[in-house]
$ cat work.pdb   # PDB, C-alpha atoms
ATOM      1  CA  MET A 280       3.630  16.850 -13.939
ATOM      2  CA  PRO A 281      -0.175  17.362 -14.043
ATOM      3  CA  GLY A 282      -1.153  20.859 -13.035
ATOM      4  CA  THR A 283       2.149  21.958 -11.547
ATOM      5  CA  THR A 284       5.887  21.804 -11.967
ATOM      6  CA  GLU A 285       7.987  19.128 -10.273
ATOM      7  CA  GLN A 286       9.860  21.785  -8.312
ATOM      8  CA  ASP A 287       6.651  23.434  -7.060
ATOM      9  CA  MET A 288       5.123  20.106  -6.013
ATOM     10  CA  ALA A 289       8.316  19.012  -4.247
ATOM     11  CA  VAL A 290       8.202  22.198  -2.203
ATOM     12  CA  GLN A 291       4.558  21.573  -1.303
ATOM     13  CA  LEU A 292       5.201  18.002  -0.149
ATOM     14  CA  LYS A 293       8.426  18.663   1.791
ATOM     15  CA  GLY A 294       7.856  18.079   5.496
ATOM     16  CA  ARG A 295       4.473  16.322   5.022
ATOM     17  CA  ASP A 296       3.568  13.043   6.735
ATOM     18  CA  PHE A 297       2.502  10.098   4.579
ATOM     19  CA  ILE A 298      -0.175   8.483   6.745
ATOM     20  CA  GLY A 299      -2.787   7.679   4.120
ATOM     21  CA  LEU A 300      -3.790   8.488   0.557
ATOM     22  CA  VAL A 301      -6.824  10.290   1.982
ATOM     23  CA  ASP A 302      -4.490  13.146   2.983
ATOM     24  CA  TYR A 303      -3.205  13.669  -0.575
ATOM     25  CA  THR A 304      -4.950  15.269  -3.539
ATOM     26  CA  PRO A 305      -5.364  13.332  -6.805
ATOM     27  CA  GLY A 306      -2.676  15.580  -8.326
ATOM     28  CA  GLU A 307      -0.253  14.860  -5.482
ATOM     29  CA  ILE A 308      -0.828  11.087  -5.754
ATOM     30  CA  GLN A 309      -0.293  11.195  -9.521
ATOM     31  CA  TYR A 310       2.850  13.277  -8.929
ATOM     32  CA  LEU A 311       4.222  10.573  -6.586
ATOM     33  CA  ILE A 312       3.395   7.870  -9.157
ATOM     34  CA  ASP A 313       5.122   9.837 -11.922
ATOM     35  CA  LEU A 314       8.128  10.436  -9.651
ATOM     36  CA  ALA A 315       8.286   6.714  -8.804
ATOM     37  CA  VAL A 316       8.297   5.845 -12.516
ATOM     38  CA  GLU A 317      11.048   8.419 -13.110
ATOM     39  CA  LEU A 318      13.190   7.169 -10.196
ATOM     40  CA  LYS A 319      12.769   3.600 -11.468
ATOM     41  CA  LYS A 320      14.087   4.649 -14.876
ATOM     42  CA  LYS A 321      17.061   6.409 -13.276
ATOM     43  CA  GLN A 322      17.898   3.330 -11.211
ATOM     44  CA  LYS A 323      17.611   0.980 -14.212
ATOM     45  CA  ALA A 324      19.854   3.308 -16.219
ATOM     46  CA  GLY A 325      22.486   3.298 -13.477
ATOM     47  CA  GLU A 326      22.025   7.019 -12.890
ATOM     48  CA  VAL A 327      23.031   8.131  -9.404
ATOM     49  CA  TYR A 328      20.324  10.254  -7.719
ATOM     50  CA  GLN A 329      20.989  11.047  -4.073
ATOM     51  CA  PRO A 330      18.788  13.889  -2.800
ATOM     52  CA  LEU A 331      18.806  12.415   0.727
ATOM     53  CA  LYS A 332      22.585  12.317   1.150
ATOM     54  CA  GLY A 333      23.439  12.693   4.828
ATOM     55  CA  LYS A 334      19.862  12.011   5.977
ATOM     56  CA  THR A 335      18.628   9.123   8.154
ATOM     57  CA  LEU A 336      15.280   7.317   8.234
ATOM     58  CA  GLY A 337      14.325   5.535  11.463
ATOM     59  CA  MET A 338      12.286   2.388  10.773
ATOM     60  CA  ILE A 339      10.106   1.133  13.658
ATOM     61  CA  PHE A 340       8.852  -2.432  13.197
ATOM     62  CA  GLU A 341       6.216  -3.738  15.576
ATOM     63  CA  LYS A 342       5.151  -6.183  12.840
ATOM     64  CA  SER A 343       7.640  -8.319  10.931
ATOM     65  CA  SER A 344       8.142  -7.770   7.209
ATOM     66  CA  THR A 345      10.083  -8.828   4.137
ATOM     67  CA  ARG A 346       9.195  -6.264   1.469
ATOM     68  CA  THR A 347       8.751  -3.247   3.754
ATOM     69  CA  ARG A 348      12.121  -3.489   5.488
ATOM     70  CA  VAL A 349      14.171  -4.410   2.424
ATOM     71  CA  SER A 350      12.569  -1.830   0.122
ATOM     72  CA  PHE A 351      12.832   1.075   2.586
ATOM     73  CA  GLU A 352      16.401   0.189   3.560
ATOM     74  CA  VAL A 353      17.580  -0.227  -0.041
ATOM     75  CA  GLY A 354      15.597   2.849  -1.086
ATOM     76  CA  MET A 355      17.312   5.083   1.477
ATOM     77  CA  TYR A 356      20.704   3.728   0.395
ATOM     78  CA  GLN A 357      19.964   4.461  -3.269
ATOM     79  CA  LEU A 358      18.806   8.000  -2.386
ATOM     80  CA  GLY A 359      22.116   8.603  -0.609
ATOM     81  CA  GLY A 360      20.791   8.296   2.939
ATOM     82  CA  HIS A 361      20.852   5.736   5.731
ATOM     83  CA  ALA A 362      18.089   3.581   7.230
ATOM     84  CA  LEU A 363      18.076   2.574  10.904
ATOM     85  CA  PHE A 364      16.136  -0.587  11.826
ATOM     86  CA  LEU A 365      14.384  -0.492  15.218
ATOM     87  CA  SER A 366      12.320  -3.417  16.492
ATOM     88  CA  LYS A 367       9.928  -2.854  19.391
ATOM     89  CA  ASN A 368      12.576  -4.407  21.622
ATOM     90  CA  ASP A 369      15.058  -1.674  20.629
ATOM     91  CA  LEU A 370      12.848   1.157  21.927
ATOM     92  CA  GLN A 371      11.598   2.225  25.346
ATOM     93  CA  ILE A 372       7.927   2.220  24.257
ATOM     94  CA  GLY A 373       7.578  -1.318  25.576
ATOM     95  CA  ARG A 374       8.854  -0.130  28.981
ATOM     96  CA  GLY A 375       6.316   2.653  29.318
ATOM     97  CA  GLU A 376       7.740   5.644  27.415
ATOM     98  CA  THR A 377       4.920   7.479  25.677
ATOM     99  CA  ILE A 378       4.646   7.678  21.906
ATOM    100  CA  GLN A 379       4.843  11.475  22.184
ATOM    101  CA  ASP A 380       8.141  11.384  24.088
ATOM    102  CA  THR A 381       9.555   8.794  21.699
ATOM    103  CA  ALA A 382       8.499  10.908  18.720
ATOM    104  CA  GLN A 383      10.093  14.079  20.066
ATOM    105  CA  THR A 384      13.334  12.303  20.972
ATOM    106  CA  MET A 385      13.647  10.513  17.626
ATOM    107  CA  SER A 386      12.951  13.780  15.793
ATOM    108  CA  ARG A 387      16.165  15.197  17.315
ATOM    109  CA  TYR A 388      18.218  12.460  15.604
ATOM    110  CA  LEU A 389      16.356  11.549  12.443
ATOM    111  CA  ASP A 390      15.118  13.182   9.241
ATOM    112  CA  GLY A 391      12.108  10.885   8.884
ATOM    113  CA  ILE A 392      10.370   7.991  10.647
ATOM    114  CA  MET A 393       8.691   4.965   9.067
ATOM    115  CA  ILE A 394       6.534   2.811  11.325
ATOM    116  CA  ARG A 395       4.916  -0.589  10.662
ATOM    117  CA  THR A 396       2.551  -1.350  13.483
ATOM    118  CA  TYR A 397      -0.882  -2.627  14.539
ATOM    119  CA  ALA A 398      -3.130   0.214  15.745
ATOM    120  CA  HIS A 399      -3.595   3.114  13.311
ATOM    121  CA  ARG A 400      -3.793   5.536  16.242
ATOM    122  CA  THR A 401      -0.136   4.721  17.033
ATOM    123  CA  VAL A 402       0.925   6.257  13.705
ATOM    124  CA  ILE A 403      -1.345   9.264  14.249
ATOM    125  CA  GLU A 404       0.094   9.879  17.731
ATOM    126  CA  LEU A 405       3.648   9.428  16.472
ATOM    127  CA  ALA A 406       3.065  11.956  13.699
ATOM    128  CA  ARG A 407       1.515  14.443  16.134
ATOM    129  CA  GLY A 408       4.565  14.253  18.381
ATOM    130  CA  ALA A 409       7.242  14.180  15.677
ATOM    131  CA  THR A 410       8.747  17.221  14.022
ATOM    132  CA  VAL A 411      10.025  15.156  11.090
ATOM    133  CA  PRO A 412       7.868  13.430   8.434
ATOM    134  CA  VAL A 413       6.253  10.128   9.484
ATOM    135  CA  ILE A 414       5.495   7.396   6.939
ATOM    136  CA  ASN A 415       2.840   4.735   7.533
ATOM    137  CA  GLY A 416       4.518   1.423   6.653
ATOM    138  CA  LEU A 417       1.304  -0.497   7.519
ATOM    139  CA  THR A 418      -1.376  -0.462  10.197
ATOM    140  CA  ASP A 419      -4.462  -2.571  10.797
ATOM    141  CA  LEU A 420      -6.455   0.143   8.990
ATOM    142  CA  SER A 421      -4.322   1.009   5.971
ATOM    143  CA  HIS A 422      -1.312   0.216   3.803
ATOM    144  CA  PRO A 423      -0.777   3.345   1.669
ATOM    145  CA  CYS A 424       2.771   2.532   0.492
ATOM    146  CA  GLN A 425       1.586  -0.763  -1.004
ATOM    147  CA  ALA A 426      -1.407   0.929  -2.664
ATOM    148  CA  LEU A 427       0.828   3.613  -4.177
ATOM    149  CA  ALA A 428       3.128   0.914  -5.609
ATOM    150  CA  ASP A 429       0.059  -0.963  -6.903
ATOM    151  CA  TYR A 430      -1.331   2.043  -8.767
ATOM    152  CA  GLN A 431       2.158   2.728 -10.143
ATOM    153  CA  THR A 432       2.189  -0.851 -11.463
ATOM    154  CA  ILE A 433      -1.243  -0.523 -13.054
ATOM    155  CA  PHE A 434      -0.264   2.835 -14.574
ATOM    156  CA  GLU A 435       2.900   1.315 -16.081
ATOM    157  CA  LYS A 436       1.077  -1.728 -17.479
ATOM    158  CA  LYS A 437      -2.108  -0.050 -18.730
ATOM    159  CA  GLY A 438      -0.816   3.441 -19.513
ATOM    160  CA  ARG A 439      -3.636   5.072 -17.550
ATOM    161  CA  LEU A 440      -5.693   4.754 -14.389
ATOM    162  CA  GLN A 441      -8.884   6.747 -14.900
ATOM    163  CA  GLY A 442     -11.791   4.615 -16.081
ATOM    164  CA  LEU A 443     -10.165   1.245 -15.384
ATOM    165  CA  LYS A 444     -11.928  -1.347 -13.222
ATOM    166  CA  VAL A 445     -10.166  -3.016 -10.293
ATOM    167  CA  ALA A 446     -11.879  -6.037  -8.696
ATOM    168  CA  TYR A 447     -10.838  -7.044  -5.202
ATOM    169  CA  ILE A 448     -11.850 -10.534  -4.071
ATOM    170  CA  GLY A 449     -11.379 -11.386  -0.408
ATOM    171  CA  ASP A 450     -11.084  -9.888   3.054
ATOM    172  CA  GLY A 451     -12.129  -6.256   3.547
ATOM    173  CA  ASN A 452      -8.847  -5.477   5.291
ATOM    174  CA  ASN A 453      -6.254  -2.675   5.460
ATOM    175  CA  MET A 454      -5.145  -3.429   1.906
ATOM    176  CA  VAL A 455      -8.571  -2.901   0.375
ATOM    177  CA  HIS A 456      -9.023   0.283   2.442
ATOM    178  CA  SER A 457      -5.970   1.914   0.827
ATOM    179  CA  LEU A 458      -6.833   0.596  -2.628
ATOM    180  CA  LEU A 459     -10.354   2.007  -2.248
ATOM    181  CA  MET A 460      -9.017   5.408  -1.253
ATOM    182  CA  GLY A 461      -6.572   5.430  -4.160
ATOM    183  CA  ALA A 462      -9.283   4.394  -6.618
ATOM    184  CA  ALA A 463     -11.607   7.125  -5.404
ATOM    185  CA  LYS A 464      -8.887   9.759  -5.764
ATOM    186  CA  LEU A 465      -7.641   8.561  -9.156
ATOM    187  CA  GLY A 466     -10.959   7.932 -10.919
ATOM    188  CA  VAL A 467     -10.650   4.135 -10.898
ATOM    189  CA  ASN A 468     -13.831   2.009 -10.734
ATOM    190  CA  PHE A 469     -13.538  -0.404  -7.818
ATOM    191  CA  ALA A 470     -15.534  -3.543  -7.025
ATOM    192  CA  VAL A 471     -15.188  -5.631  -3.865
ATOM    193  CA  ALA A 472     -16.554  -9.139  -3.264
ATOM    194  CA  THR A 473     -16.288 -10.333   0.308
ATOM    195  CA  PRO A 474     -18.345 -12.629   2.577
ATOM    196  CA  ASP A 475     -20.912 -11.101   4.940
ATOM    197  CA  GLY A 476     -19.167  -9.871   8.055
ATOM    198  CA  TYR A 477     -15.845  -9.166   6.345
ATOM    199  CA  ASP A 478     -16.803  -5.890   4.628
ATOM    200  CA  PRO A 479     -14.392  -2.939   4.447
ATOM    201  CA  ASP A 480     -14.559  -0.360   7.229
ATOM    202  CA  LYS A 481     -17.820   1.632   6.917
ATOM    203  CA  GLU A 482     -16.162   5.031   7.383
ATOM    204  CA  VAL A 483     -13.509   4.297   4.754
ATOM    205  CA  LEU A 484     -16.190   3.040   2.388
ATOM    206  CA  GLU A 485     -18.347   6.130   2.893
ATOM    207  CA  MET A 486     -15.408   8.487   2.312
ATOM    208  CA  SER A 487     -14.227   6.618  -0.775
ATOM    209  CA  ARG A 488     -17.741   6.618  -2.276
ATOM    210  CA  GLU A 489     -18.046  10.357  -1.707
ATOM    211  CA  MET A 490     -14.657  11.032  -3.346
ATOM    212  CA  ALA A 491     -15.346   8.601  -6.197
ATOM    213  CA  SER A 492     -18.554  10.432  -7.088
ATOM    214  CA  LYS A 493     -16.524  13.640  -7.488
ATOM    215  CA  ALA A 494     -13.936  11.834  -9.627
ATOM    216  CA  GLY A 495     -16.627  10.229 -11.784
ATOM    217  CA  SER A 496     -15.852   6.640 -10.801
ATOM    218  CA  SER A 497     -17.859   3.977  -8.962
ATOM    219  CA  ILE A 498     -17.424   1.882  -5.818
ATOM    220  CA  TYR A 499     -19.264  -1.459  -5.546
ATOM    221  CA  VAL A 500     -19.285  -3.810  -2.559
ATOM    222  CA  GLY A 501     -21.109  -7.144  -2.678
ATOM    223  CA  THR A 502     -20.811 -10.828  -1.919
ATOM    224  CA  ASP A 503     -20.706 -12.289  -5.459
ATOM    225  CA  PRO A 504     -17.129 -12.696  -6.823
ATOM    226  CA  LYS A 505     -18.401 -13.236 -10.394
ATOM    227  CA  GLU A 506     -20.327  -9.984 -10.305
ATOM    228  CA  ALA A 507     -17.357  -8.058  -8.899
ATOM    229  CA  ILE A 508     -14.834  -9.466 -11.353
ATOM    230  CA  ALA A 509     -16.973  -8.997 -14.497
ATOM    231  CA  ASP A 510     -14.987  -7.110 -17.179
ATOM    232  CA  ALA A 511     -12.280  -6.171 -14.680
ATOM    233  CA  ASP A 512      -8.962  -4.767 -15.912
ATOM    234  CA  VAL A 513      -7.262  -5.753 -12.661
ATOM    235  CA  VAL A 514      -7.996  -8.659 -10.295
ATOM    236  CA  TYR A 515      -6.594  -8.312  -6.782
ATOM    237  CA  THR A 516      -6.656 -10.533  -3.709
ATOM    238  CA  ASP A 517      -4.924 -10.889  -0.344
ATOM    239  CA  VAL A 518      -4.545 -13.586   2.291
ATOM    240  CA  TRP A 519      -7.716 -14.609   4.089
ATOM    241  CA  ALA A 520      -6.147 -14.192   7.555
ATOM    242  CA  SER A 521      -3.843 -11.177   7.713
ATOM    243  CA  MET A 522      -1.102 -10.740  10.328
ATOM    244  CA  GLY A 523      -2.776 -10.508  13.736
ATOM    245  CA  PHE A 524      -5.751 -12.666  12.660
ATOM    246  CA  GLU A 525      -3.948 -16.031  12.517
ATOM    247  CA  ALA A 526      -6.155 -17.413  15.315
ATOM    248  CA  GLU A 527      -9.154 -17.090  12.954
ATOM    249  CA  GLN A 528      -7.483 -19.101  10.167
ATOM    250  CA  LYS A 529      -9.833 -22.115  10.265
ATOM    251  CA  GLU A 530     -12.941 -19.982  10.661
ATOM    252  CA  ARG A 531     -11.871 -17.813   7.723
ATOM    253  CA  GLU A 532     -11.072 -20.802   5.499
ATOM    254  CA  ILE A 533     -14.744 -21.747   5.794
ATOM    255  CA  ALA A 534     -16.044 -18.201   5.262
ATOM    256  CA  PHE A 535     -13.827 -17.561   2.211
ATOM    257  CA  LYS A 536     -13.966 -20.995   0.550
ATOM    258  CA  ASN A 537     -15.944 -19.608  -2.423
ATOM    259  CA  TYR A 538     -13.675 -16.576  -2.830
ATOM    260  CA  GLN A 539     -10.572 -18.167  -4.326
ATOM    261  CA  VAL A 540      -9.256 -16.387  -7.436
ATOM    262  CA  ASN A 541      -8.794 -19.308  -9.825
ATOM    263  CA  ASP A 542      -8.868 -20.082 -13.542
ATOM    264  CA  GLU A 543     -12.648 -20.456 -13.546
ATOM    265  CA  LEU A 544     -13.301 -17.103 -11.838
ATOM    266  CA  VAL A 545     -10.878 -15.012 -13.929
ATOM    267  CA  LYS A 546     -12.766 -16.053 -17.102
ATOM    268  CA  TYR A 547     -15.214 -13.285 -16.136
ATOM    269  CA  ALA A 548     -12.480 -10.603 -16.221
ATOM    270  CA  LYS A 549     -11.121  -9.010 -19.383
ATOM    271  CA  LYS A 550      -8.701 -11.243 -21.300
ATOM    272  CA  ASP A 551      -5.790  -8.866 -20.691
ATOM    273  CA  TYR A 552      -6.521  -8.479 -16.962
ATOM    274  CA  LEU A 553      -3.657  -8.046 -14.516
ATOM    275  CA  PHE A 554      -3.508 -10.313 -11.481
ATOM    276  CA  MET A 555      -2.160  -8.574  -8.384
ATOM    277  CA  HIS A 556      -1.383  -9.648  -4.817
ATOM    278  CA  CYS A 557       0.481  -7.662  -2.160
ATOM    279  CA  LEU A 558       2.271 -10.812  -0.939
ATOM    280  CA  PRO A 559       3.015 -12.990   0.908
ATOM    281  CA  ALA A 560       0.537 -15.293  -0.866
ATOM    282  CA  HIS A 561      -0.911 -18.641   0.161
ATOM    283  CA  ARG A 562      -0.994 -20.554  -3.117
ATOM    284  CA  GLY A 563      -3.985 -22.891  -3.263
ATOM    285  CA  GLU A 564      -5.876 -20.806  -0.708
ATOM    286  CA  GLU A 565      -6.906 -17.286  -1.798
ATOM    287  CA  VAL A 566      -5.389 -17.824  -5.263
ATOM    288  CA  SER A 567      -4.713 -20.880  -7.409
ATOM    289  CA  GLU A 568      -1.228 -21.601  -8.727
ATOM    290  CA  GLY A 569      -2.559 -21.327 -12.273
ATOM    291  CA  VAL A 570      -3.455 -17.678 -11.722
ATOM    292  CA  ILE A 571      -0.623 -16.425  -9.535
ATOM    293  CA  ASP A 572       2.010 -18.081 -11.723
ATOM    294  CA  GLY A 573       0.117 -17.436 -14.966
ATOM    295  CA  PRO A 574       0.853 -14.962 -17.777
ATOM    296  CA  ASN A 575      -1.456 -12.235 -16.391
ATOM    297  CA  SER A 576       0.268 -12.137 -13.008
ATOM    298  CA  VAL A 577       2.345  -9.023 -12.210
ATOM    299  CA  ILE A 578       2.983  -9.749  -8.549
ATOM    300  CA  PHE A 579       6.750  -9.322  -8.692
ATOM    301  CA  ASP A 580       6.494  -6.053 -10.631
ATOM    302  CA  GLN A 581       4.252  -4.947  -7.776
ATOM    303  CA  ALA A 582       6.790  -6.081  -5.199
ATOM    304  CA  GLU A 583       9.609  -4.272  -7.019
ATOM    305  CA  ASN A 584       7.568  -1.075  -7.199
ATOM    306  CA  ARG A 585       7.431  -0.887  -3.398
ATOM    307  CA  LEU A 586      11.051   0.241  -3.724
ATOM    308  CA  HIS A 587      10.389   2.915  -6.326
ATOM    309  CA  ALA A 588       7.107   4.208  -4.857
ATOM    310  CA  GLN A 589       8.616   4.559  -1.402
ATOM    311  CA  LYS A 590      11.690   6.258  -2.829
ATOM    312  CA  ALA A 591       9.325   8.769  -4.411
ATOM    313  CA  VAL A 592       7.594   9.365  -1.067
ATOM    314  CA  MET A 593      10.871   9.761   0.823
ATOM    315  CA  ALA A 594      12.440  12.016  -1.817
ATOM    316  CA  ALA A 595       9.326  14.190  -1.861
ATOM    317  CA  ILE A 596       8.683  14.649   1.856
ATOM    318  CA  MET A 597      12.084  14.311   3.583
TER     319      MET A 597
END
$ encode --input "work.pdb" --output "structure tokens"
Amino acid sequence: MPGTTEQDMAVQLKGRDFIGLVDYTPGEIQYLIDLAVELKKKQKAGEVYQPLKGKTLGMIFEKSSTRTRVSFEVGMYQLGGHALFLSKNDLQIGRGETIQDTAQTMSRYLDGIMIRTYAHRTVIELARGATVPVINGLTDLSHPCQALADYQTIFEKKGRLQGLKVAYIGDGNNMVHSLLMGAAKLGVNFAVATPDGYDPDKEVLEMSREMASKAGSSIYVGTDPKEAIADADVVYTDVWASMGFEAEQKEREIAFKNYQVNDELVKYAKKDYLFMHCLPAHRGEEVSEGVIDGPNSVIFDQAENRLHAQKAVMAAIM
């Protein structure tokens, strides 16, 4: 492991929350990526690895999910532990119990809590009240588990991260926030093309630019998809109307009509570019079928790596 031994790093991460990549050093993020790759190899080889035997992860879902629930639940099982699914209807939060009281109570039963919710402050408040590690499974501001799995995928496919160029075409949403933070920490050059009014969060952008300058990489944000995608090693997009923004679907279809990742646009990227999407995808909307189903697409490797990346996080902090 870069700069430290696996045992030393595991000790340092034990008991930590995983709220965002901003809280982790470049070395810690690379450690989690390396651990995810290692756990993937163990699983493929049929090697039993159960460091969380006897432990339980509570999973709070205020937003529905396919990949998040299945990957966390299967991941805990493979690590020897148990995952407990809790919808908002299964908790007393909806009946007025405070986040702090819920956090303290759940900490008496559980060894870790994963929450997938709307407001980022909900995760922050939960982590402040909990005495066990809290994992951010998605908020309106960030999606660090997906970004970690994405950089694992790029690392596996390209053999490195530093110096590569990732182009993100589309909405400046929670997904691009976490990808930006990861790029800035890992020395990845990052370019965003999004319509006026749909830029990434200013504070996230400012922080990522500051960190990128220290890592020797660049952050670009503009409105021209061709400029952003030029010579890109990775092309990434997401739905135009994320969960919670469905009412703006028609308005966004108009705003994003020139931001589809299609065969014409990807001609500006490198020939061996990777196409990535966090899924679910709307084929024919933000991405053409020719691209998402084409030979450069690695979307299902990405989806699979949610399992391995999250196993690495859970094994490291729980």
$ atom_distance --input "work.pdb" --atom1 "CA of Lys481 in chain A" --atom2 "CA of Thr401 in chain A"
20.6 Å
$ closest_atom_pairs --input "work.pdb" --of "range 400-455 of chain A" --to "range 339-351 of chain A" --cutoff "12 Å" --atoms "all atoms listed in the file" --output "tab-separated table"
residue	atom	partner	partner_atom	distance
A:Thr401	CA	A:Glu341	CA	10.7
A:Val402	CA	A:Ile339	CA	10.5
A:Leu405	CA	A:Ile339	CA	10.9
A:Val413	CA	A:Ile339	CA	10.6
A:Ile414	CA	A:Ile339	CA	10.3
A:Asn415	CA	A:Ile339	CA	10.2
A:Gly416	CA	A:Thr347	CA	6.9
A:Leu417	CA	A:Lys342	CA	8.7
A:Thr418	CA	A:Lys342	CA	9.1
A:Asp419	CA	A:Lys342	CA	10.5
A:His422	CA	A:Thr347	CA	10.6
A:Pro423	CA	A:Thr347	CA	11.8
A:Cys424	CA	A:Thr347	CA	8.9
A:Gln425	CA	A:Thr347	CA	9.0
A:Ala428	CA	A:Ser350	CA	11.4
$ residues_near_point --input "work.pdb" --point "(-11.9, -16.9, 4.9)" --cutoff "12 Å" --atoms "all atoms listed in the file" --output "NGL selection string"
:A and (448-452 or 473-477 or 516-521 or 524-539 or 564-565)
$ resolve_selection --input "work.pdb" --expression "the PyMOL selection byres ((chain A and resi 510) around 9)" --output "VMD selection string"
chain A and resid 444 507 to 509 511 to 512 547 to 550 552
$ write_last_selection --input "work.pdb" --atoms "C-alpha atoms" --output "mmCIF file, keeping the file's coordinate frame"
data_model
loop_
_atom_site.group_PDB
_atom_site.id
_atom_site.type_symbol
_atom_site.label_atom_id
_atom_site.label_comp_id
_atom_site.auth_asym_id
_atom_site.auth_seq_id
_atom_site.Cartn_x
_atom_site.Cartn_y
_atom_site.Cartn_z
ATOM 1 C CA LYS A 444 -11.928 -1.347 -13.222
ATOM 2 C CA ALA A 507 -17.357 -8.058 -8.899
ATOM 3 C CA ILE A 508 -14.834 -9.466 -11.353
ATOM 4 C CA ALA A 509 -16.973 -8.997 -14.497
ATOM 5 C CA ALA A 511 -12.280 -6.171 -14.680
ATOM 6 C CA ASP A 512 -8.962 -4.767 -15.912
ATOM 7 C CA TYR A 547 -15.214 -13.285 -16.136
ATOM 8 C CA ALA A 548 -12.480 -10.603 -16.221
ATOM 9 C CA LYS A 549 -11.121 -9.010 -19.383
ATOM 10 C CA LYS A 550 -8.701 -11.243 -21.300
ATOM 11 C CA TYR A 552 -6.521 -8.479 -16.962
#
$ closest_residue --input "work.pdb" --among "A:Asp390, A:Asp551, A:Glu376, A:Glu317" --to "Arg295 in chain A" --atoms "all atoms listed in the file"
A:Asp390
$ atom_distance --input "work.pdb" --atom1 "CA of Thr396 in chain A" --atom2 "CA of Lys332 in chain A"
27.2 Å
$ resolve_selection --input "work.pdb" --expression "the PyMOL selection byres ((chain A and resi 572-575) around 7)" --output "PDB file with C-alpha atoms, in the frame of the given file"
ATOM      1  CA  ASP A 551      -5.790  -8.866 -20.691  1.00  0.00           C
ATOM      2  CA  TYR A 552      -6.521  -8.479 -16.962  1.00  0.00           C
ATOM      3  CA  LEU A 553      -3.657  -8.046 -14.516  1.00  0.00           C
ATOM      4  CA  PHE A 554      -3.508 -10.313 -11.481  1.00  0.00           C
ATOM      5  CA  GLU A 568      -1.228 -21.601  -8.727  1.00  0.00           C
ATOM      6  CA  GLY A 569      -2.559 -21.327 -12.273  1.00  0.00           C
ATOM      7  CA  VAL A 570      -3.455 -17.678 -11.722  1.00  0.00           C
ATOM      8  CA  ILE A 571      -0.623 -16.425  -9.535  1.00  0.00           C
ATOM      9  CA  SER A 576       0.268 -12.137 -13.008  1.00  0.00           C
ATOM     10  CA  VAL A 577       2.345  -9.023 -12.210  1.00  0.00           C
TER      11      VAL A 577
END
$ residues_around --input "work.pdb" --residues "Glu485 in chain A" --least-positions-apart "6" --cutoff "12 Å" --atoms "all atoms listed in the file" --output "PyMOL selection string"
chain A and resi 456+459-460+463+479+491-492+498-500
$ atom_distance --input "work.pdb" --atom1 "CA of Arg395 in chain A" --atom2 "CA of Leu358 in chain A"
20.9 Å
$ resolve_selection --input "work.pdb" --expression "the PyMOL selection byres ((chain A and resi 432) around 12)" --output "count of residues only"
39
$ closest_residue --input "work.pdb" --among "A:Leu363, A:Gln357, A:Ala398, A:Gly563" --to "Gly325 in chain A" --atoms "all atoms listed in the file"
A:Gln357
$ residues_around --input "work.pdb" --residues "Leu311 in chain A" --least-positions-apart "3" --cutoff "6 Å" --atoms "all atoms listed in the file" --output "PyMOL selection string"
chain A and resi 308+314+591
$ residues_around --input "work.pdb" --residues "Thr381 in chain A" --least-positions-apart "6" --cutoff "9 Å" --atoms "all atoms listed in the file" --output "list of chain:residue names"
A:Leu370, A:Gln371, A:Ile372, A:Leu405, A:Gly408, A:Ala409
$ write_last_selection --input "work.pdb" --atoms "C-alpha atoms" --output "compact mmCIF listing (two decimals), in the frame of the given file"
# COMPACT_ATOMS: atom_id res chain seq x y z
CA LEU A 370 12.85 1.16 21.93
CA GLN A 371 11.60 2.22 25.35
CA ILE A 372 7.93 2.22 24.26
CA LEU A 405 3.65 9.43 16.47
CA GLY A 408 4.57 14.25 18.38
CA ALA A 409 7.24 14.18 15.68
$ axis_aligned_box --input "work.pdb" --around "range 411-419 of chain A" --padding-each-side "6 Å" --output "JSON"
{"center_x": 2.8, "center_y": 6.3, "center_z": 8.9, "size_x": 26.5, "size_y": 29.7, "size_z": 16.4}
$ closest_residue --input "work.pdb" --among "A:Thr502, A:Ile392, A:Val545, A:Asp480" --to "Pro412 in chain A" --atoms "all atoms listed in the file"
A:Ile392
$ closest_residue --input "work.pdb" --among "A:Gly495, A:Pro504, A:Gly391, A:Gly354" --to "Gly337 in chain A" --atoms "all atoms listed in the file"
A:Gly391
